[in-house]
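Source file: model-v6.pdb. Holds: PDB, C-alpha atoms, pLDDT in the B column.
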```
MODEL        1
ATOM      1  CA  MET A  54      19.914 -17.490 -46.602  1.00 78.00           C
ATOM      2  CA  MET A  55      23.290 -16.292 -45.377  1.00 87.00           C
ATOM      3  CA  HIS A  56      24.798 -13.147 -46.902  1.00 91.00           C
ATOM      4  CA  PRO A  57      27.698 -14.010 -49.257  1.00 93.00           C
ATOM      5  CA  PHE A  58      29.994 -11.550 -47.480  1.00 94.00           C
ATOM      6  CA  LYS A  59      29.354 -13.358 -44.206  1.00 95.00           C
ATOM      7  CA  VAL A  60      30.132 -16.689 -45.860  1.00 94.00           C
ATOM      8  CA  ILE A  61      33.473 -15.337 -47.132  1.00 95.00           C
ATOM      9  CA  ARG A  62      34.313 -13.659 -43.818  1.00 94.00           C
ATOM     10  CA  ARG A  63      33.548 -16.740 -41.713  1.00 95.00           C
ATOM     11  CA  GLN A  64      36.079 -18.801 -43.644  1.00 94.00           C
ATOM     12  CA  LYS A  65      38.884 -16.944 -41.913  1.00 94.00           C
ATOM     13  CA  TYR A  66      37.762 -14.133 -39.605  1.00 94.00           C
ATOM     14  CA  SER A  67      35.393 -13.218 -36.807  1.00 95.00           C
ATOM     15  CA  ILE A  68      33.581  -9.885 -36.790  1.00 96.00           C
ATOM     16  CA  ASN A  69      36.104  -8.632 -34.225  1.00 96.00           C
ATOM     17  CA  ASP A  70      38.975  -9.605 -36.535  1.00 96.00           C
ATOM     18  CA  ILE A  71      37.389  -7.642 -39.382  1.00 96.00           C
ATOM     19  CA  CYS A  72      37.010  -4.629 -37.085  1.00 96.00           C
ATOM     20  CA  GLN A  73      40.662  -4.753 -36.078  1.00 97.00           C
ATOM     21  CA  ILE A  74      41.905  -5.175 -39.648  1.00 96.00           C
ATOM     22  CA  THR A  75      39.670  -2.571 -41.302  1.00 95.00           C
ATOM     23  CA  GLY A  76      38.992  -0.125 -38.475  1.00 96.00           C
ATOM     24  CA  LEU A  77      35.244  -0.531 -39.009  1.00 96.00           C
ATOM     25  CA  THR A  78      32.830  -0.842 -36.101  1.00 96.00           C
ATOM     26  CA  ARG A  79      30.984  -4.056 -35.314  1.00 96.00           C
ATOM     27  CA  THR A  80      27.794  -2.278 -36.292  1.00 94.00           C
ATOM     28  CA  ALA A  81      29.178  -1.425 -39.739  1.00 94.00           C
ATOM     29  CA  VAL A  82      30.236  -5.027 -40.372  1.00 95.00           C
ATOM     30  CA  ILE A  83      26.920  -6.434 -39.153  1.00 95.00           C
ATOM     31  CA  ARG A  84      24.859  -3.933 -41.170  1.00 92.00           C
ATOM     32  CA  THR A  85      26.903  -4.750 -44.259  1.00 94.00           C
ATOM     33  CA  GLU A  86      26.180  -8.442 -43.775  1.00 94.00           C
ATOM     34  CA  GLN A  87      22.487  -7.594 -43.365  1.00 92.00           C
ATOM     35  CA  GLY A  88      22.531  -5.727 -46.687  1.00 91.00           C
ATOM     36  CA  LEU A  89      21.509  -2.426 -45.099  1.00 90.00           C
ATOM     37  CA  TYR A  90      23.936  -0.222 -47.020  1.00 90.00           C
ATOM     38  CA  SER A  91      23.407   0.806 -50.622  1.00 87.00           C
ATOM     39  CA  ARG A  92      27.157   0.222 -50.982  1.00 89.00           C
ATOM     40  CA  PRO A  93      29.327  -1.659 -48.489  1.00 93.00           C
ATOM     41  CA  PRO A  94      32.351   0.104 -46.936  1.00 94.00           C
ATOM     42  CA  ASP A  95      35.359   0.117 -49.270  1.00 95.00           C
ATOM     43  CA  ARG A  96      37.680  -1.185 -46.520  1.00 95.00           C
ATOM     44  CA  TYR A  97      35.471  -4.254 -46.111  1.00 95.00           C
ATOM     45  CA  LEU A  98      35.245  -4.785 -49.885  1.00 95.00           C
ATOM     46  CA  SER A  99      39.022  -4.570 -50.166  1.00 96.00           C
ATOM     47  CA  LEU A 100      39.531  -7.262 -47.537  1.00 95.00           C
ATOM     48  CA  LEU A 101      36.871  -9.484 -49.137  1.00 95.00           C
ATOM     49  CA  ARG A 102      38.626  -9.110 -52.501  1.00 95.00           C
ATOM     50  CA  GLU A 103      41.847 -10.396 -50.948  1.00 94.00           C
ATOM     51  CA  MET A 104      40.080 -13.264 -49.191  1.00 93.00           C
ATOM     52  CA  SER A 105      37.865 -14.409 -52.062  1.00 95.00           C
ATOM     53  CA  GLY A 106      39.841 -13.639 -55.210  1.00 95.00           C
ATOM     54  CA  LEU A 107      36.760 -11.870 -56.583  1.00 96.00           C
ATOM     55  CA  ASN A 108      36.945  -8.326 -57.918  1.00 96.00           C
ATOM     56  CA  SER A 109      34.851  -5.414 -56.629  1.00 95.00           C
ATOM     57  CA  ASP A 110      32.284  -5.717 -59.417  1.00 96.00           C
ATOM     58  CA  GLU A 111      31.744  -9.420 -58.699  1.00 96.00           C
ATOM     59  CA  LEU A 112      31.379  -8.747 -54.968  1.00 96.00           C
ATOM     60  CA  MET A 113      28.918  -5.915 -55.628  1.00 95.00           C
ATOM     61  CA  GLU A 114      26.884  -8.174 -57.929  1.00 95.00           C
ATOM     62  CA  GLN A 115      26.636 -10.716 -55.102  1.00 95.00           C
ATOM     63  CA  TYR A 116      25.719  -7.995 -52.604  1.00 94.00           C
ATOM     64  CA  ILE A 117      22.968  -6.523 -54.799  1.00 93.00           C
ATOM     65  CA  GLU A 118      21.571  -9.932 -55.757  1.00 93.00           C
ATOM     66  CA  TRP A 119      21.407 -10.969 -52.101  1.00 93.00           C
ATOM     67  CA  GLN A 120      19.509  -7.751 -51.296  1.00 92.00           C
ATOM     68  CA  ARG A 121      17.065  -8.429 -54.139  1.00 90.00           C
ATOM     69  CA  LEU A 122      16.438 -12.012 -53.033  1.00 91.00           C
ATOM     70  CA  HIS A 123      16.079 -10.996 -49.386  1.00 89.00           C
ATOM     71  CA  ARG A 124      13.572  -8.303 -50.346  1.00 89.00           C
ATOM     72  CA  LEU A 125      11.589 -10.850 -52.325  1.00 88.00           C
ATOM     73  CA  GLU A 126      11.048 -12.755 -49.082  1.00 85.00           C
ATOM     74  CA  SER A 127       9.156  -9.683 -47.812  1.00 84.00           C
ATOM     75  CA  ALA A 128       7.431  -8.958 -51.115  1.00 86.00           C
ATOM     76  CA  ALA A 129       4.380 -11.161 -50.612  1.00 84.00           C
ATOM     77  CA  VAL A 130       3.594  -9.598 -47.231  1.00 85.00           C
ATOM     78  CA  LEU A 131       4.070  -6.060 -48.576  1.00 82.00           C
ATOM     79  CA  GLN A 132       2.027  -6.729 -51.703  1.00 85.00           C
ATOM     80  CA  ALA A 133      -0.836  -8.235 -49.705  1.00 83.00           C
ATOM     81  CA  ALA A 134      -0.899  -5.205 -47.400  1.00 81.00           C
ATOM     82  CA  TYR A 135      -0.693  -2.830 -50.368  1.00 80.00           C
ATOM     83  CA  ASN A 136      -3.559  -4.608 -52.161  1.00 80.00           C
ATOM     84  CA  ARG A 137      -5.772  -4.416 -49.069  1.00 78.00           C
ATOM     85  CA  HIS A 138      -5.052  -0.777 -48.416  1.00 75.00           C
ATOM     86  CA  PRO A 139      -2.813   1.188 -50.837  1.00 72.00           C
ATOM     87  CA  VAL A 140      -1.807   3.872 -48.392  1.00 69.00           C
ATOM     88  CA  ASN A 141       1.302   5.937 -47.804  1.00 75.00           C
ATOM     89  CA  PHE A 142       4.627   4.264 -47.123  1.00 80.00           C
ATOM     90  CA  ASN A 143       4.580   4.608 -43.315  1.00 79.00           C
ATOM     91  CA  ALA A 144       1.121   3.109 -43.025  1.00 81.00           C
ATOM     92  CA  LEU A 145       2.048   0.353 -45.476  1.00 82.00           C
ATOM     93  CA  MET A 146       5.099  -0.673 -43.441  1.00 83.00           C
ATOM     94  CA  HIS A 147       3.114  -0.751 -40.196  1.00 80.00           C
ATOM     95  CA  LEU A 148       0.258  -2.644 -41.849  1.00 81.00           C
ATOM     96  CA  ALA A 149       2.603  -5.203 -43.420  1.00 83.00           C
ATOM     97  CA  PHE A 150       4.878  -5.649 -40.399  1.00 86.00           C
ATOM     98  CA  PRO A 151       2.857  -4.606 -37.334  1.00 86.00           C
ATOM     99  CA  ARG A 152       5.103  -6.293 -34.782  1.00 87.00           C
ATOM    100  CA  GLU A 153       8.413  -5.225 -36.294  1.00 86.00           C
ATOM    101  CA  SER A 154      10.525  -2.457 -34.833  1.00 87.00           C
ATOM    102  CA  GLN A 155      11.974   0.173 -37.121  1.00 86.00           C
ATOM    103  CA  VAL A 156      15.194  -1.849 -37.252  1.00 87.00           C
ATOM    104  CA  GLY A 157      13.176  -4.936 -38.168  1.00 89.00           C
ATOM    105  CA  ARG A 158      11.387  -3.082 -40.966  1.00 88.00           C
ATOM    106  CA  ALA A 159      14.736  -1.784 -42.247  1.00 89.00           C
ATOM    107  CA  LYS A 160      16.104  -5.339 -42.323  1.00 89.00           C
ATOM    108  CA  ARG A 161      13.017  -6.566 -44.195  1.00 88.00           C
ATOM    109  CA  LEU A 162      13.722  -4.062 -46.971  1.00 88.00           C
ATOM    110  CA  CYS A 163      17.548  -4.130 -46.779  1.00 89.00           C
ATOM    111  CA  VAL A 164      17.464  -0.395 -46.175  1.00 89.00           C
ATOM    112  CA  HIS A 165      19.715   1.431 -43.745  1.00 90.00           C
ATOM    113  CA  GLN A 166      17.904   2.113 -40.486  1.00 87.00           C
ATOM    114  CA  SER A 167      18.761   5.828 -40.437  1.00 90.00           C
ATOM    115  CA  THR A 168      17.402   6.298 -43.965  1.00 90.00           C
ATOM    116  CA  LEU A 169      14.148   4.613 -42.988  1.00 88.00           C
ATOM    117  CA  ALA A 170      13.922   6.545 -39.715  1.00 88.00           C
ATOM    118  CA  ARG A 171      14.442   9.914 -41.403  1.00 89.00           C
ATOM    119  CA  TYR A 172      11.915   9.125 -44.131  1.00 88.00           C
ATOM    120  CA  GLU A 173       9.301   7.840 -41.684  1.00 83.00           C
ATOM    121  CA  ALA A 174       9.813  10.988 -39.582  1.00 85.00           C
ATOM    122  CA  GLY A 175       9.172  13.200 -42.609  1.00 86.00           C
ATOM    123  CA  ARG A 176      12.715  14.587 -42.866  1.00 89.00           C
ATOM    124  CA  TYR A 177      12.947  13.867 -46.600  1.00 85.00           C
ATOM    125  CA  LEU A 178      10.687  15.586 -49.098  1.00 82.00           C
ATOM    126  CA  GLU A 179      11.042  12.719 -51.551  1.00 88.00           C
ATOM    127  CA  MET A 180      11.381   9.011 -50.978  1.00 88.00           C
ATOM    128  CA  PRO A 181      15.100   8.050 -50.853  1.00 90.00           C
ATOM    129  CA  GLU A 182      16.355   5.985 -53.773  1.00 90.00           C
ATOM    130  CA  GLN A 183      17.315   3.090 -51.480  1.00 90.00           C
ATOM    131  CA  ILE A 184      13.681   2.748 -50.360  1.00 88.00           C
ATOM    132  CA  LYS A 185      12.356   3.123 -53.931  1.00 90.00           C
ATOM    133  CA  GLU A 186      14.700   0.361 -55.062  1.00 90.00           C
ATOM    134  CA  ALA A 187      13.561  -1.895 -52.228  1.00 89.00           C
ATOM    135  CA  LEU A 188       9.908  -1.384 -53.100  1.00 87.00           C
ATOM    136  CA  ARG A 189      10.579  -2.001 -56.802  1.00 87.00           C
ATOM    137  CA  ASP A 190      12.310  -5.271 -55.863  1.00 88.00           C
ATOM    138  CA  CYS A 191       9.141  -6.160 -53.931  1.00 85.00           C
ATOM    139  CA  GLY A 192       6.963  -5.363 -56.959  1.00 85.00           C
ATOM    140  CA  ILE A 193       5.453  -2.148 -55.563  1.00 83.00           C
ATOM    141  CA  ALA A 194       5.647   1.053 -57.593  1.00 75.00           C
ATOM    142  CA  ALA A 195       7.182   3.811 -55.482  1.00 65.00           C
TER     143      ALA A 195
ENDMDL
END
```
Translate the structure of the given file into structure tokens.
Amino acid sequence: MMHPFKVIRRQKYSINDICQITGLTRTAVIRTEQGLYSRPPDRYLSLLREMSGLNSDELMEQYIEWQRLHRLESAAVLQAAYNRHPVNFNALMHLAFPRESQVGRAKRLCVHQSTLARYEAGRYLEMPEQIKEALRDCGIAA
């Protein structure tokens, strides 16, 4: 399932074109199209508005719905792991996705890699809202 922002972008521009027009890095564009940000960069949203004729609210609805649907693809694996062994978040992620890198686990949840890395390393006292939302979308109480 291709991200709706990628579908819109591909109609006219390459990733490099987007970078030149908006001043964003390739990484920022790619991560946006992977749904890893809680909110996409405003410069990218602005360009997508011009290209698609949709307003910011409509684009955000598409972005959030794509994240939810993408997370649902991981939900069954996460729920099965949670049912076998309801452990802490770090153990759950490694149990559910044992061969995935941290980047891979972030993509599975549509969570920014740095947020996941900091949480897994114990740098946050509480679970970040982006991770809680991802788990809720997967049917797991955070």
Please evaluate the PyMOL selection byres ((chain A and resi 135-147) around 10) against the structure above and give the resulting residues as a ChimeraX atom specification.
-> /A:129-134,148-155,158-159,161-162,169,172-175,180,184,188,193,195
Name the residues that the PyMOL selection byres ((chain A and resi 93) around 12) pulls out of this structure, and write them as a PyMOL selection string.
-> chain A and resi 58+77+81-92+94-101+109+112-117+120+165
Rounded to one decimal in Å, what is the spacing between CA of Cys163 in chain A and CA of Arg124 in chain A?
->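 Value for the CA of Cys163 in chain A-CA of Arg124 in chain A distance: 6.8 Å.
The nearest approach to Lys59 in chain A among the residues A:Ala194, A:Gly76, A:Trp119, A:Asn108, with all atoms listed in the file taken into account, belongs to A:Trp119.
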Given the choices A:Met55, A:Ile68, A:Gly157, A:Leu125, which gets closest to Arg189 in chain A if the distance is worked out from all atoms listed in the file?
-> A:Leu125
How many Å separate CA of Tyr66 in chain A from CA of Leu122 in chain A?
-> 25.3 Å
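Going from CA of Thr80 in chain A to CA of Ser167 in chain A covers 12.8 Å.
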Compare A:Gly192, A:Met104, A:Ala187, A:Thr75 by their minimum atom-to-atom distance to His123 in chain A, counting all atoms listed in the file, and give me the closest one.
->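 Nearest candidate to His123 in chain A out of A:Gly192, A:Met104, A:Ala187, A:Thr75: A:Ala187.
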Show which residues sit within 10 Å of Pro181 in chain A, as an mmCIF file with C-alpha atoms, in the frame of the given file. Count only C-alpha atoms, and ignore same-chain residues fewer than 3 positions away.
```
data_model
loop_
_atom_site.group_PDB
_atom_site.id
_atom_site.type_symbol
_atom_site.label_atom_id
_atom_site.label_comp_id
_atom_site.auth_asym_id
_atom_site.auth_seq_id
_atom_site.Cartn_x
_atom_site.Cartn_y
_atom_site.Cartn_z
ATOM 1 C CA VAL A 164 17.464 -0.395 -46.175
ATOM 2 C CA THR A 168 17.402 6.298 -43.965
ATOM 3 C CA LEU A 169 14.148 4.613 -42.988
ATOM 4 C CA ARG A 171 14.442 9.914 -41.403
ATOM 5 C CA TYR A 172 11.915 9.125 -44.131
ATOM 6 C CA TYR A 177 12.947 13.867 -46.600
ATOM 7 C CA LEU A 178 10.687 15.586 -49.098
ATOM 8 C CA ILE A 184 13.681 2.748 -50.360
ATOM 9 C CA LYS A 185 12.356 3.123 -53.931
ATOM 10 C CA GLU A 186 14.700 0.361 -55.062
#
```
May I ask you to restore N, CA and C atoms in range 72-107 of chain A and write the result as a compact mmCIF listing (two decimals), keeping the file's coordinate frame?
```txt
# COMPACT_ATOMS: atom_id res chain seq x y z
N CYS A 72 36.95 -5.97 -37.68
CA CYS A 72 37.01 -4.63 -37.08
C CYS A 72 38.45 -4.19 -36.86
N GLN A 73 39.26 -5.10 -36.34
CA GLN A 73 40.66 -4.75 -36.08
C GLN A 73 41.43 -4.50 -37.37
N ILE A 74 41.17 -5.30 -38.38
CA ILE A 74 41.90 -5.18 -39.65
C ILE A 74 41.48 -3.92 -40.42
N THR A 75 40.19 -3.66 -40.45
CA THR A 75 39.67 -2.57 -41.30
C THR A 75 39.44 -1.26 -40.57
N GLY A 76 39.33 -1.32 -39.24
CA GLY A 76 38.99 -0.12 -38.48
C GLY A 76 37.50 0.19 -38.47
N LEU A 77 36.69 -0.71 -39.02
CA LEU A 77 35.24 -0.53 -39.01
C LEU A 77 34.67 -0.93 -37.65
N THR A 78 33.51 -0.43 -37.33
CA THR A 78 32.83 -0.84 -36.10
C THR A 78 32.11 -2.16 -36.33
N ARG A 79 31.78 -2.82 -35.23
CA ARG A 79 30.98 -4.06 -35.31
C ARG A 79 29.66 -3.78 -36.02
N THR A 80 29.07 -2.64 -35.69
CA THR A 80 27.79 -2.28 -36.29
C THR A 80 27.91 -2.18 -37.81
N ALA A 81 28.99 -1.56 -38.29
CA ALA A 81 29.18 -1.42 -39.74
C ALA A 81 29.32 -2.78 -40.42
N VAL A 82 30.06 -3.69 -39.80
CA VAL A 82 30.24 -5.03 -40.37
C VAL A 82 28.91 -5.78 -40.37
N ILE A 83 28.20 -5.73 -39.26
CA ILE A 83 26.92 -6.43 -39.15
C ILE A 83 25.91 -5.87 -40.15
N ARG A 84 25.81 -4.54 -40.23
CA ARG A 84 24.86 -3.93 -41.17
C ARG A 84 25.21 -4.26 -42.61
N THR A 85 26.49 -4.35 -42.91
CA THR A 85 26.90 -4.75 -44.26
C THR A 85 26.41 -6.15 -44.55
N GLU A 86 26.58 -7.05 -43.58
CA GLU A 86 26.18 -8.44 -43.78
C GLU A 86 24.66 -8.63 -43.70
N GLN A 87 23.95 -7.58 -43.32
CA GLN A 87 22.49 -7.59 -43.36
C GLN A 87 21.97 -6.90 -44.63
N GLY A 88 22.90 -6.39 -45.44
CA GLY A 88 22.53 -5.73 -46.69
C GLY A 88 21.89 -4.36 -46.50
N LEU A 89 22.19 -3.68 -45.40
CA LEU A 89 21.51 -2.43 -45.10
C LEU A 89 22.13 -1.20 -45.76
N TYR A 90 23.30 -1.35 -46.34
CA TYR A 90 23.94 -0.22 -47.02
C TYR A 90 23.66 -0.32 -48.52
N SER A 91 23.54 0.83 -49.17
CA SER A 91 23.41 0.81 -50.62
C SER A 91 24.74 0.37 -51.25
N ARG A 92 25.83 0.68 -50.56
CA ARG A 92 27.16 0.22 -50.98
C ARG A 92 27.96 -0.10 -49.72
N PRO A 93 28.55 -1.30 -49.67
CA PRO A 93 29.33 -1.66 -48.49
C PRO A 93 30.59 -0.80 -48.36
N PRO A 94 31.13 -0.68 -47.14
CA PRO A 94 32.35 0.10 -46.94
C PRO A 94 33.51 -0.43 -47.79
N ASP A 95 34.24 0.49 -48.39
CA ASP A 95 35.36 0.12 -49.27
C ASP A 95 36.41 -0.72 -48.55
N ARG A 96 36.66 -0.42 -47.27
CA ARG A 96 37.68 -1.18 -46.52
C ARG A 96 37.26 -2.64 -46.38
N TYR A 97 35.96 -2.88 -46.23
CA TYR A 97 35.47 -4.25 -46.11
C TYR A 97 35.54 -4.93 -47.48
N LEU A 98 35.16 -4.22 -48.54
CA LEU A 98 35.24 -4.78 -49.88
C LEU A 98 36.68 -5.17 -50.23
N SER A 99 37.62 -4.31 -49.87
CA SER A 99 39.02 -4.57 -50.17
C SER A 99 39.49 -5.87 -49.50
N LEU A 100 39.15 -6.04 -48.25
CA LEU A 100 39.53 -7.26 -47.54
C LEU A 100 38.85 -8.49 -48.14
N LEU A 101 37.58 -8.36 -48.51
CA LEU A 101 36.87 -9.48 -49.14
C LEU A 101 37.47 -9.85 -50.49
N ARG A 102 37.95 -8.84 -51.22
CA ARG A 102 38.63 -9.11 -52.50
C ARG A 102 39.85 -9.99 -52.27
N GLU A 103 40.64 -9.62 -51.27
CA GLU A 103 41.85 -10.40 -50.95
C GLU A 103 41.49 -11.81 -50.53
N MET A 104 40.45 -11.95 -49.72
CA MET A 104 40.08 -13.26 -49.19
C MET A 104 39.46 -14.18 -50.25
N SER A 105 38.67 -13.59 -51.14
CA SER A 105 37.86 -14.41 -52.06
C SER A 105 38.46 -14.56 -53.45
N GLY A 106 39.34 -13.62 -53.85
CA GLY A 106 39.84 -13.64 -55.21
C GLY A 106 38.87 -13.02 -56.21
N LEU A 107 37.74 -12.53 -55.72
CA LEU A 107 36.76 -11.87 -56.58
C LEU A 107 37.11 -10.39 -56.69
```
